[in-house]
Amino acid sequence: MTEHSFYMERAIQLAKRGIGFTNPNPLVGAVIVKDNRIIGEGWHAHYGDLHAERNALKHCTEDPSGATIYVTLEPCCHHGKQPPCTEALVESGIRRVFIGSRDPNPLVSGKGVQFLREHGIEVIPDFLREACDQLNPIFFRYITTKMPYTILKYAMTADGKIACAGGASKWVTGAAARAHVQQTRKRAAAICVGIGTVLADNPMLTCRCENPSQPVRVVLDTHLRIPLECQLVQTAKEVPVLVFCHAPDHTKKAALEAAGVTVLEAALLGGHVSIRDCLAQLGQRGLDSVLIEGGASIHAAALQAGCCDLVQVYVAPKLFGGDGLSPIGSMGITTPDEAVLLSEPVITHLGQDLLLEYTRKEMD
């Protein structure tokens, strides 16, 4: 590893400290180096707070004039919640900037690099770009489409079952896999289930890990069947709950709203609320990422609608047999040629379980 790689890798690790707290902004880390010594570090810690570059400059232990900064994403050059980072870099006397990812935000894209070069700063773009890009698939998707980055997650046995015939599913996977799920919940802006899951499991859908960030809880509930006494409704004033329905009963809607639930109407598709319309509305509300956790019907709807950016499959070394419940509902597929196609998986060992992560292949 070169010294430049070492410093950018450090910036990547710093960026990860913002997971769960910067949405819908990106994860960004920055390291300032002078005379082969780190003199300042920073990351984007919370939405609306200082960006990584300004944070690193703020924490410099000496004058950064003539120094090099390693930053995981192209510095911004526009006014948002914070002033442009490019101006701060010029004013600081930074001499050289190593940049990892390109920023696809039309307000920035290439303009940050151009501004720095026009002010006499040497810029080395695309440095460890692949590693830096892995920080922000959520941001890249949302900033270019305004649709949330959507993760479909389920845990199953080695014979492809998410529960026994009677519906019992605690626990398919072990502690390490379940802890990993909590980290995904922390990163996502929203977590989404269908009404069937609410009626069967009465879940809380909260993030339970160290230093949690709670996702907005979303229920797809065409006929507004969600019980007033369920845990989601009872805790709606503590952690937000959004329910999508169609032509709701006004009395039930008023009761839910009095409990703190936000009731939204969505278009119908095949007799159920359209998941694509629901996701579009979430994007319009500034929610940049959605974790879909159940059940089989909503999984099938998301796949059929082409809404899944990432599919996470936790596989346990167990067998439930043919009368167990499957993770994906009917999609009307009658031949292998009609299958939803996924990428080659990234495989992670979590205790005795496996995590298989697929991206959806685009249709030709």
# chains A, B, ... in the order shown; residues from 1 in each chain; ligands from 1
call {"tool": "closest_atom_pairs", "arguments": {"of": "segment 280-336 of chain A", "to": "segment 343-355 of chain A", "cutoff": "7 Å", "atoms": "only C-alpha atoms", "output": "tab-separated table"}}
result
residue	atom	partner	partner_atom	distance
A:Gln312	CA	A:Leu355	CA	6.8
A:Val313	CA	A:Leu355	CA	5.7
A:Tyr314	CA	A:Leu355	CA	4.5
A:Val315	CA	A:Leu354	CA	5.1
A:Ala316	CA	A:Asp353	CA	4.8
A:Pro317	CA	A:Asp353	CA	6.6
call {"tool": "residues_around", "arguments": {"residues": "Lys252 of chain A", "least_positions_apart": "6", "cutoff": "12 Å", "atoms": "only C-alpha atoms", "output": "list in words"}}
result
His223, Leu224, Arg225, Ile226, Pro227, Leu228, Val243, Cys245, Ala258, Ala259, Val261 and Val263 of chain A
call {"tool": "write_last_selection", "arguments": {"atoms": "all heavy atoms", "output": "PDB file, in the first residue's frame"}}
result
ATOM      1  N   HIS A 223     -56.095  -1.553   2.406  1.00  0.00           N
ATOM      2  CA  HIS A 223     -57.430  -1.328   2.968  1.00  0.00           C
ATOM      3  C   HIS A 223     -57.397  -0.777   4.398  1.00  0.00           C
ATOM      4  O   HIS A 223     -58.414  -0.797   5.089  1.00  0.00           O
ATOM      5  CB  HIS A 223     -58.220  -2.640   2.925  1.00  0.00           C
ATOM      6  CG  HIS A 223     -58.333  -3.227   1.548  1.00  0.00           C
ATOM      7  ND1 HIS A 223     -59.018  -2.605   0.533  1.00  0.00           N
ATOM      8  CD2 HIS A 223     -57.783  -4.352   1.011  1.00  0.00           C
ATOM      9  CE1 HIS A 223     -58.921  -3.339  -0.578  1.00  0.00           C
ATOM     10  NE2 HIS A 223     -58.170  -4.406  -0.310  1.00  0.00           N
ATOM     11  N   LEU A 224     -56.244  -0.293   4.823  1.00  0.00           N
ATOM     12  CA  LEU A 224     -56.065   0.332   6.135  1.00  0.00           C
ATOM     13  C   LEU A 224     -56.560  -0.575   7.263  1.00  0.00           C
ATOM     14  O   LEU A 224     -57.385  -0.208   8.087  1.00  0.00           O
ATOM     15  CB  LEU A 224     -56.782   1.683   6.180  1.00  0.00           C
ATOM     16  CG  LEU A 224     -56.197   2.727   7.153  1.00  0.00           C
ATOM     17  CD1 LEU A 224     -54.739   3.007   6.824  1.00  0.00           C
ATOM     18  CD2 LEU A 224     -56.993   4.014   7.117  1.00  0.00           C
ATOM     19  N   ARG A 225     -55.969  -1.762   7.297  1.00  0.00           N
ATOM     20  CA  ARG A 225     -56.337  -2.759   8.314  1.00  0.00           C
ATOM     21  C   ARG A 225     -55.448  -2.704   9.551  1.00  0.00           C
ATOM     22  O   ARG A 225     -55.649  -3.461  10.493  1.00  0.00           O
ATOM     23  CB  ARG A 225     -56.270  -4.164   7.709  1.00  0.00           C
ATOM     24  CG  ARG A 225     -57.302  -4.426   6.615  1.00  0.00           C
ATOM     25  CD  ARG A 225     -57.262  -5.897   6.206  1.00  0.00           C
ATOM     26  NE  ARG A 225     -56.038  -6.235   5.503  1.00  0.00           N
ATOM     27  CZ  ARG A 225     -55.490  -7.461   5.480  1.00  0.00           C
ATOM     28  NH1 ARG A 225     -56.033  -8.436   6.186  1.00  0.00           N
ATOM     29  NH2 ARG A 225     -54.398  -7.676   4.780  1.00  0.00           N
ATOM     30  N   ILE A 226     -54.460  -1.847   9.559  1.00  0.00           N
ATOM     31  CA  ILE A 226     -53.512  -1.824  10.666  1.00  0.00           C
ATOM     32  C   ILE A 226     -54.232  -1.588  11.995  1.00  0.00           C
ATOM     33  O   ILE A 226     -55.027  -0.658  12.126  1.00  0.00           O
ATOM     34  CB  ILE A 226     -52.410  -0.763  10.429  1.00  0.00           C
ATOM     35  CG1 ILE A 226     -51.318  -0.864  11.494  1.00  0.00           C
ATOM     36  CG2 ILE A 226     -52.994   0.642  10.345  1.00  0.00           C
ATOM     37  CD1 ILE A 226     -50.081  -0.029  11.173  1.00  0.00           C
ATOM     38  N   PRO A 227     -54.005  -2.426  13.005  1.00  0.00           N
ATOM     39  CA  PRO A 227     -54.712  -2.284  14.284  1.00  0.00           C
ATOM     40  C   PRO A 227     -54.216  -1.075  15.077  1.00  0.00           C
ATOM     41  O   PRO A 227     -53.014  -0.790  15.120  1.00  0.00           O
ATOM     42  CB  PRO A 227     -54.385  -3.585  15.030  1.00  0.00           C
ATOM     43  CG  PRO A 227     -53.880  -4.531  13.988  1.00  0.00           C
ATOM     44  CD  PRO A 227     -53.207  -3.670  12.965  1.00  0.00           C
ATOM     45  N   LEU A 228     -55.134  -0.382  15.692  1.00  0.00           N
ATOM     46  CA  LEU A 228     -54.756   0.769  16.519  1.00  0.00           C
ATOM     47  C   LEU A 228     -53.904   0.355  17.705  1.00  0.00           C
ATOM     48  O   LEU A 228     -53.113   1.149  18.218  1.00  0.00           O
ATOM     49  CB  LEU A 228     -56.010   1.500  17.003  1.00  0.00           C
ATOM     50  CG  LEU A 228     -56.860   2.178  15.924  1.00  0.00           C
ATOM     51  CD1 LEU A 228     -58.156   2.703  16.529  1.00  0.00           C
ATOM     52  CD2 LEU A 228     -56.086   3.311  15.270  1.00  0.00           C
ATOM     53  N   VAL A 243     -48.205   5.011   6.710  1.00  0.00           N
ATOM     54  CA  VAL A 243     -49.031   3.922   6.185  1.00  0.00           C
ATOM     55  C   VAL A 243     -49.595   4.344   4.841  1.00  0.00           C
ATOM     56  O   VAL A 243     -50.258   5.382   4.725  1.00  0.00           O
ATOM     57  CB  VAL A 243     -50.177   3.571   7.159  1.00  0.00           C
ATOM     58  CG1 VAL A 243     -51.052   2.470   6.558  1.00  0.00           C
ATOM     59  CG2 VAL A 243     -49.618   3.115   8.505  1.00  0.00           C
ATOM     60  N   CYS A 245     -52.178   3.566   1.816  1.00  0.00           N
ATOM     61  CA  CYS A 245     -53.437   2.869   1.592  1.00  0.00           C
ATOM     62  C   CYS A 245     -54.120   3.460   0.366  1.00  0.00           C
ATOM     63  O   CYS A 245     -53.584   4.357  -0.297  1.00  0.00           O
ATOM     64  CB  CYS A 245     -54.336   2.979   2.823  1.00  0.00           C
ATOM     65  SG  CYS A 245     -54.788   4.698   3.205  1.00  0.00           S
ATOM     66  N   ALA A 258     -54.456  10.638  14.891  1.00  0.00           N
ATOM     67  CA  ALA A 258     -54.459  11.110  16.280  1.00  0.00           C
ATOM     68  C   ALA A 258     -53.392  10.400  17.103  1.00  0.00           C
ATOM     69  O   ALA A 258     -52.873  10.963  18.079  1.00  0.00           O
ATOM     70  CB  ALA A 258     -55.836  10.888  16.898  1.00  0.00           C
ATOM     71  N   ALA A 259     -53.063   9.175  16.702  1.00  0.00           N
ATOM     72  CA  ALA A 259     -52.030   8.409  17.404  1.00  0.00           C
ATOM     73  C   ALA A 259     -50.625   8.754  16.917  1.00  0.00           C
ATOM     74  O   ALA A 259     -49.635   8.236  17.447  1.00  0.00           O
ATOM     75  CB  ALA A 259     -52.277   6.914  17.221  1.00  0.00           C
ATOM     76  N   VAL A 261     -49.669   8.565  13.512  1.00  0.00           N
ATOM     77  CA  VAL A 261     -49.366   7.911  12.241  1.00  0.00           C
ATOM     78  C   VAL A 261     -49.662   8.862  11.076  1.00  0.00           C
ATOM     79  O   VAL A 261     -50.661   9.584  11.096  1.00  0.00           O
ATOM     80  CB  VAL A 261     -50.203   6.624  12.080  1.00  0.00           C
ATOM     81  CG1 VAL A 261     -49.989   5.983  10.708  1.00  0.00           C
ATOM     82  CG2 VAL A 261     -49.873   5.626  13.193  1.00  0.00           C
ATOM     83  N   VAL A 263     -50.918   8.943   7.403  1.00  0.00           N
ATOM     84  CA  VAL A 263     -51.631   8.098   6.450  1.00  0.00           C
ATOM     85  C   VAL A 263     -51.562   8.749   5.071  1.00  0.00           C
ATOM     86  O   VAL A 263     -51.963   9.902   4.897  1.00  0.00           O
ATOM     87  CB  VAL A 263     -53.097   7.893   6.874  1.00  0.00           C
ATOM     88  CG1 VAL A 263     -53.832   7.018   5.850  1.00  0.00           C
ATOM     89  CG2 VAL A 263     -53.169   7.261   8.262  1.00  0.00           C
TER      90      VAL A 263
END
call {"tool": "atom_distance", "arguments": {"atom1": "atom CA of Asp323 of chain A", "atom2": "atom CA of Ser297 of chain A"}}
result
17.4 Å
call {"tool": "atom_distance", "arguments": {"atom1": "atom CA of Glu130 of chain A", "atom2": "atom CA of Leu89 of chain A"}}
result
24.1 Å
call {"tool": "atom_distance", "arguments": {"atom1": "atom CA of Gln281 of chain A", "atom2": "atom CA of Glu229 of chain A"}}
result
26.2 Å
call {"tool": "closest_residue", "arguments": {"among": "A:Cys76, A:Leu310, A:Val290, A:Val340", "to": "Leu356 of chain A", "atoms": "only C-alpha atoms"}}
result
A:Leu310
call {"tool": "select_by_dssp", "arguments": {"residues": "segment 159-348 of chain A", "states": "helix (DSSP H, G or I)", "output": "PyMOL selection string"}}
result
chain A and resi 175-187+195-201+231-234+250-258+275-284+296-304+336-338
call {"tool": "select_by_dssp", "arguments": {"residues": "segment 236-346 of chain A", "states": "strand (DSSP E or B)", "output": "compact mmCIF listing (two decimals) with N, CA and C atoms, in the first residue's frame"}}
result
# COMPACT_ATOMS: atom_id res chain seq x y z
N VAL A 241 -44.18 6.65 11.74
CA VAL A 241 -44.82 5.57 11.01
C VAL A 241 -45.62 6.18 9.85
N LEU A 242 -45.39 5.68 8.64
CA LEU A 242 -46.15 6.06 7.46
C LEU A 242 -46.93 4.85 6.98
N VAL A 243 -48.20 5.01 6.71
CA VAL A 243 -49.03 3.92 6.19
C VAL A 243 -49.60 4.34 4.84
N PHE A 244 -49.33 3.53 3.81
CA PHE A 244 -49.87 3.77 2.48
C PHE A 244 -51.12 2.93 2.27
N CYS A 245 -52.18 3.57 1.82
CA CYS A 245 -53.44 2.87 1.59
C CYS A 245 -54.12 3.46 0.37
N THR A 262 -48.80 8.86 10.07
CA THR A 262 -49.06 9.60 8.84
C THR A 262 -49.69 8.65 7.83
N VAL A 263 -50.92 8.94 7.40
CA VAL A 263 -51.63 8.10 6.45
C VAL A 263 -51.56 8.75 5.07
N LEU A 264 -51.06 8.01 4.11
CA LEU A 264 -50.88 8.51 2.75
C LEU A 264 -51.64 7.63 1.77
N GLU A 265 -52.11 8.22 0.70
CA GLU A 265 -52.82 7.45 -0.33
C GLU A 265 -51.90 7.21 -1.52
N LEU A 268 -53.40 2.34 -7.11
CA LEU A 268 -53.60 0.89 -7.09
C LEU A 268 -52.91 0.23 -8.27
N LEU A 269 -52.43 -0.99 -8.05
CA LEU A 269 -51.88 -1.82 -9.12
C LEU A 269 -52.20 -3.27 -8.77
N HIS A 272 -53.70 -3.82 -5.21
CA HIS A 272 -52.91 -3.42 -4.04
C HIS A 272 -52.25 -2.07 -4.32
N VAL A 273 -51.85 -1.38 -3.27
CA VAL A 273 -51.14 -0.12 -3.51
C VAL A 273 -49.87 -0.41 -4.31
N SER A 289 -33.45 5.94 1.09
CA SER A 289 -33.20 4.50 1.08
C SER A 289 -34.29 3.78 1.86
N VAL A 290 -34.64 2.59 1.37
CA VAL A 290 -35.72 1.81 1.97
C VAL A 290 -35.26 0.36 2.09
N LEU A 291 -35.42 -0.19 3.27
CA LEU A 291 -35.16 -1.61 3.51
C LEU A 291 -36.51 -2.33 3.56
N ILE A 292 -36.73 -3.23 2.61
CA ILE A 292 -37.96 -4.02 2.58
C ILE A 292 -37.71 -5.33 3.30
N GLU A 293 -38.48 -5.59 4.35
CA GLU A 293 -38.22 -6.77 5.18
C GLU A 293 -39.34 -7.82 5.17
N GLY A 294 -40.41 -7.65 4.44
CA GLY A 294 -41.40 -8.72 4.46
C GLY A 294 -42.77 -8.25 4.11
N LEU A 310 -30.70 -3.82 -4.36
CA LEU A 310 -29.85 -4.81 -3.70
C LEU A 310 -30.76 -5.86 -3.06
N VAL A 311 -30.41 -7.13 -3.23
CA VAL A 311 -31.13 -8.22 -2.59
C VAL A 311 -30.18 -8.88 -1.59
N GLN A 312 -30.56 -8.87 -0.33
CA GLN A 312 -29.76 -9.48 0.74
C GLN A 312 -30.45 -10.77 1.19
N VAL A 313 -29.77 -11.89 1.03
CA VAL A 313 -30.32 -13.19 1.41
C VAL A 313 -29.42 -13.80 2.48
N TYR A 314 -29.97 -13.94 3.68
CA TYR A 314 -29.25 -14.61 4.77
C TYR A 314 -29.65 -16.08 4.74
N VAL A 315 -28.67 -16.97 4.66
CA VAL A 315 -28.93 -18.40 4.52
C VAL A 315 -28.40 -19.14 5.74
N ALA A 316 -29.31 -19.87 6.41
CA ALA A 316 -28.95 -20.62 7.61
C ALA A 316 -28.80 -22.11 7.28
N LEU A 325 -42.68 -21.85 4.59
CA LEU A 325 -43.09 -20.68 3.80
C LEU A 325 -41.93 -20.16 2.96
N LEU A 342 -30.21 -11.82 -11.34
CA LEU A 342 -29.39 -11.14 -10.35
C LEU A 342 -27.91 -11.28 -10.71
N VAL A 346 -22.05 -11.33 -3.74
CA VAL A 346 -20.96 -11.09 -2.79
C VAL A 346 -21.30 -11.91 -1.55
call {"tool": "closest_residue", "arguments": {"among": "A:Thr184, A:Ser109, A:Ser101, A:Thr61", "to": "Thr144 of chain A", "atoms": "only C-alpha atoms"}}
result
A:Ser109
call {"tool": "closest_residue", "arguments": {"among": "A:Leu220, A:Cys60, A:Ala45, A:Leu116", "to": "Gly295 of chain A", "atoms": "only C-alpha atoms"}}
result
A:Leu220
call {"tool": "residues_around", "arguments": {"residues": "Ile39 of chain A", "least_positions_apart": "2", "cutoff": "9 Å", "atoms": "only C-alpha atoms", "output": "list in words"}}
result
Val31, Ile32, Val33, Lys34, Arg37, Glu41, Ala56, Leu57, His59, Cys60, Thr61, Glu62, Asp63, Pro64 and Ala67 of chain A
call {"tool": "closest_residue", "arguments": {"among": "A:Pro26, A:Pro203, A:Gly174, A:Gly166", "to": "His46 of chain A", "atoms": "only C-alpha atoms"}}
result
A:Pro26
call {"tool": "residues_around", "arguments": {"residues": "Lys81 of chain A", "least_positions_apart": "2", "cutoff": "10 Å", "atoms": "only C-alpha atoms", "output": "PyMOL selection string"}}
result
chain A and resi 47-51+78-79+83-84
call {"tool": "write_last_selection", "arguments": {"atoms": "all heavy atoms", "output": "compact mmCIF listing (two decimals), in the first residue's frame"}}
result
# COMPACT_ATOMS: atom_id res chain seq x y z
N TYR A 47 -26.45 15.08 9.07
CA TYR A 47 -27.07 15.92 8.04
C TYR A 47 -27.20 17.35 8.56
O TYR A 47 -27.70 17.59 9.66
CB TYR A 47 -28.45 15.37 7.69
CG TYR A 47 -29.22 16.22 6.71
CD1 TYR A 47 -28.81 16.30 5.37
CD2 TYR A 47 -30.32 16.96 7.10
CE1 TYR A 47 -29.50 17.09 4.46
CE2 TYR A 47 -31.03 17.75 6.19
CZ TYR A 47 -30.60 17.81 4.88
OH TYR A 47 -31.28 18.59 3.98
N GLY A 48 -26.71 18.29 7.76
CA GLY A 48 -26.76 19.70 8.14
C GLY A 48 -25.52 20.19 8.85
O GLY A 48 -25.32 21.41 8.95
N ASP A 49 -24.67 19.27 9.34
CA ASP A 49 -23.44 19.67 10.02
C ASP A 49 -22.33 19.92 8.99
O ASP A 49 -22.53 19.77 7.79
CB ASP A 49 -22.99 18.58 11.00
CG ASP A 49 -23.86 18.55 12.25
OD1 ASP A 49 -24.74 19.41 12.39
OD2 ASP A 49 -23.66 17.63 13.07
N LEU A 50 -21.16 20.29 9.50
CA LEU A 50 -20.01 20.54 8.63
C LEU A 50 -19.73 19.36 7.72
O LEU A 50 -19.84 18.19 8.13
CB LEU A 50 -18.76 20.81 9.47
CG LEU A 50 -18.68 22.14 10.23
CD1 LEU A 50 -17.40 22.18 11.04
CD2 LEU A 50 -18.74 23.32 9.27
N HIS A 51 -19.37 19.66 6.47
CA HIS A 51 -18.93 18.61 5.57
C HIS A 51 -17.54 18.14 5.99
O HIS A 51 -16.85 18.79 6.79
CB HIS A 51 -18.92 19.11 4.13
CG HIS A 51 -20.29 19.33 3.58
ND1 HIS A 51 -20.53 19.74 2.29
CD2 HIS A 51 -21.53 19.18 4.15
CE1 HIS A 51 -21.83 19.84 2.08
NE2 HIS A 51 -22.45 19.52 3.19
N HIS A 78 -21.22 24.39 -4.19
CA HIS A 78 -22.48 25.14 -4.19
C HIS A 78 -22.92 25.35 -2.74
O HIS A 78 -22.47 24.67 -1.82
CB HIS A 78 -23.57 24.38 -4.95
CG HIS A 78 -23.98 23.09 -4.28
ND1 HIS A 78 -23.15 21.99 -4.22
CD2 HIS A 78 -25.11 22.74 -3.62
CE1 HIS A 78 -23.76 21.02 -3.58
NE2 HIS A 78 -24.95 21.44 -3.19
N HIS A 79 -23.81 26.29 -2.55
CA HIS A 79 -24.35 26.56 -1.22
C HIS A 79 -25.55 25.66 -0.97
O HIS A 79 -26.51 25.65 -1.73
CB HIS A 79 -24.77 28.04 -1.11
CG HIS A 79 -23.61 28.98 -0.99
ND1 HIS A 79 -23.10 29.38 0.22
CD2 HIS A 79 -22.85 29.57 -1.94
CE1 HIS A 79 -22.09 30.21 0.02
NE2 HIS A 79 -21.91 30.33 -1.29
N PRO A 83 -21.76 26.09 3.36
CA PRO A 83 -21.13 26.77 2.22
C PRO A 83 -20.19 25.83 1.47
O PRO A 83 -19.84 24.76 1.98
CB PRO A 83 -20.37 27.92 2.88
CG PRO A 83 -20.14 27.48 4.29
CD PRO A 83 -21.31 26.63 4.66
N PRO A 84 -19.75 26.21 0.26
CA PRO A 84 -18.93 25.32 -0.56
C PRO A 84 -17.61 24.92 0.11
O PRO A 84 -16.90 25.77 0.65
CB PRO A 84 -18.66 26.15 -1.82
CG PRO A 84 -19.74 27.17 -1.85
CD PRO A 84 -20.04 27.48 -0.42
call {"tool": "closest_residue", "arguments": {"among": "A:Gln284, A:Thr150, A:Gln304, A:Thr72", "to": "Asp126 of chain A", "atoms": "only C-alpha atoms"}}
result
A:Thr72
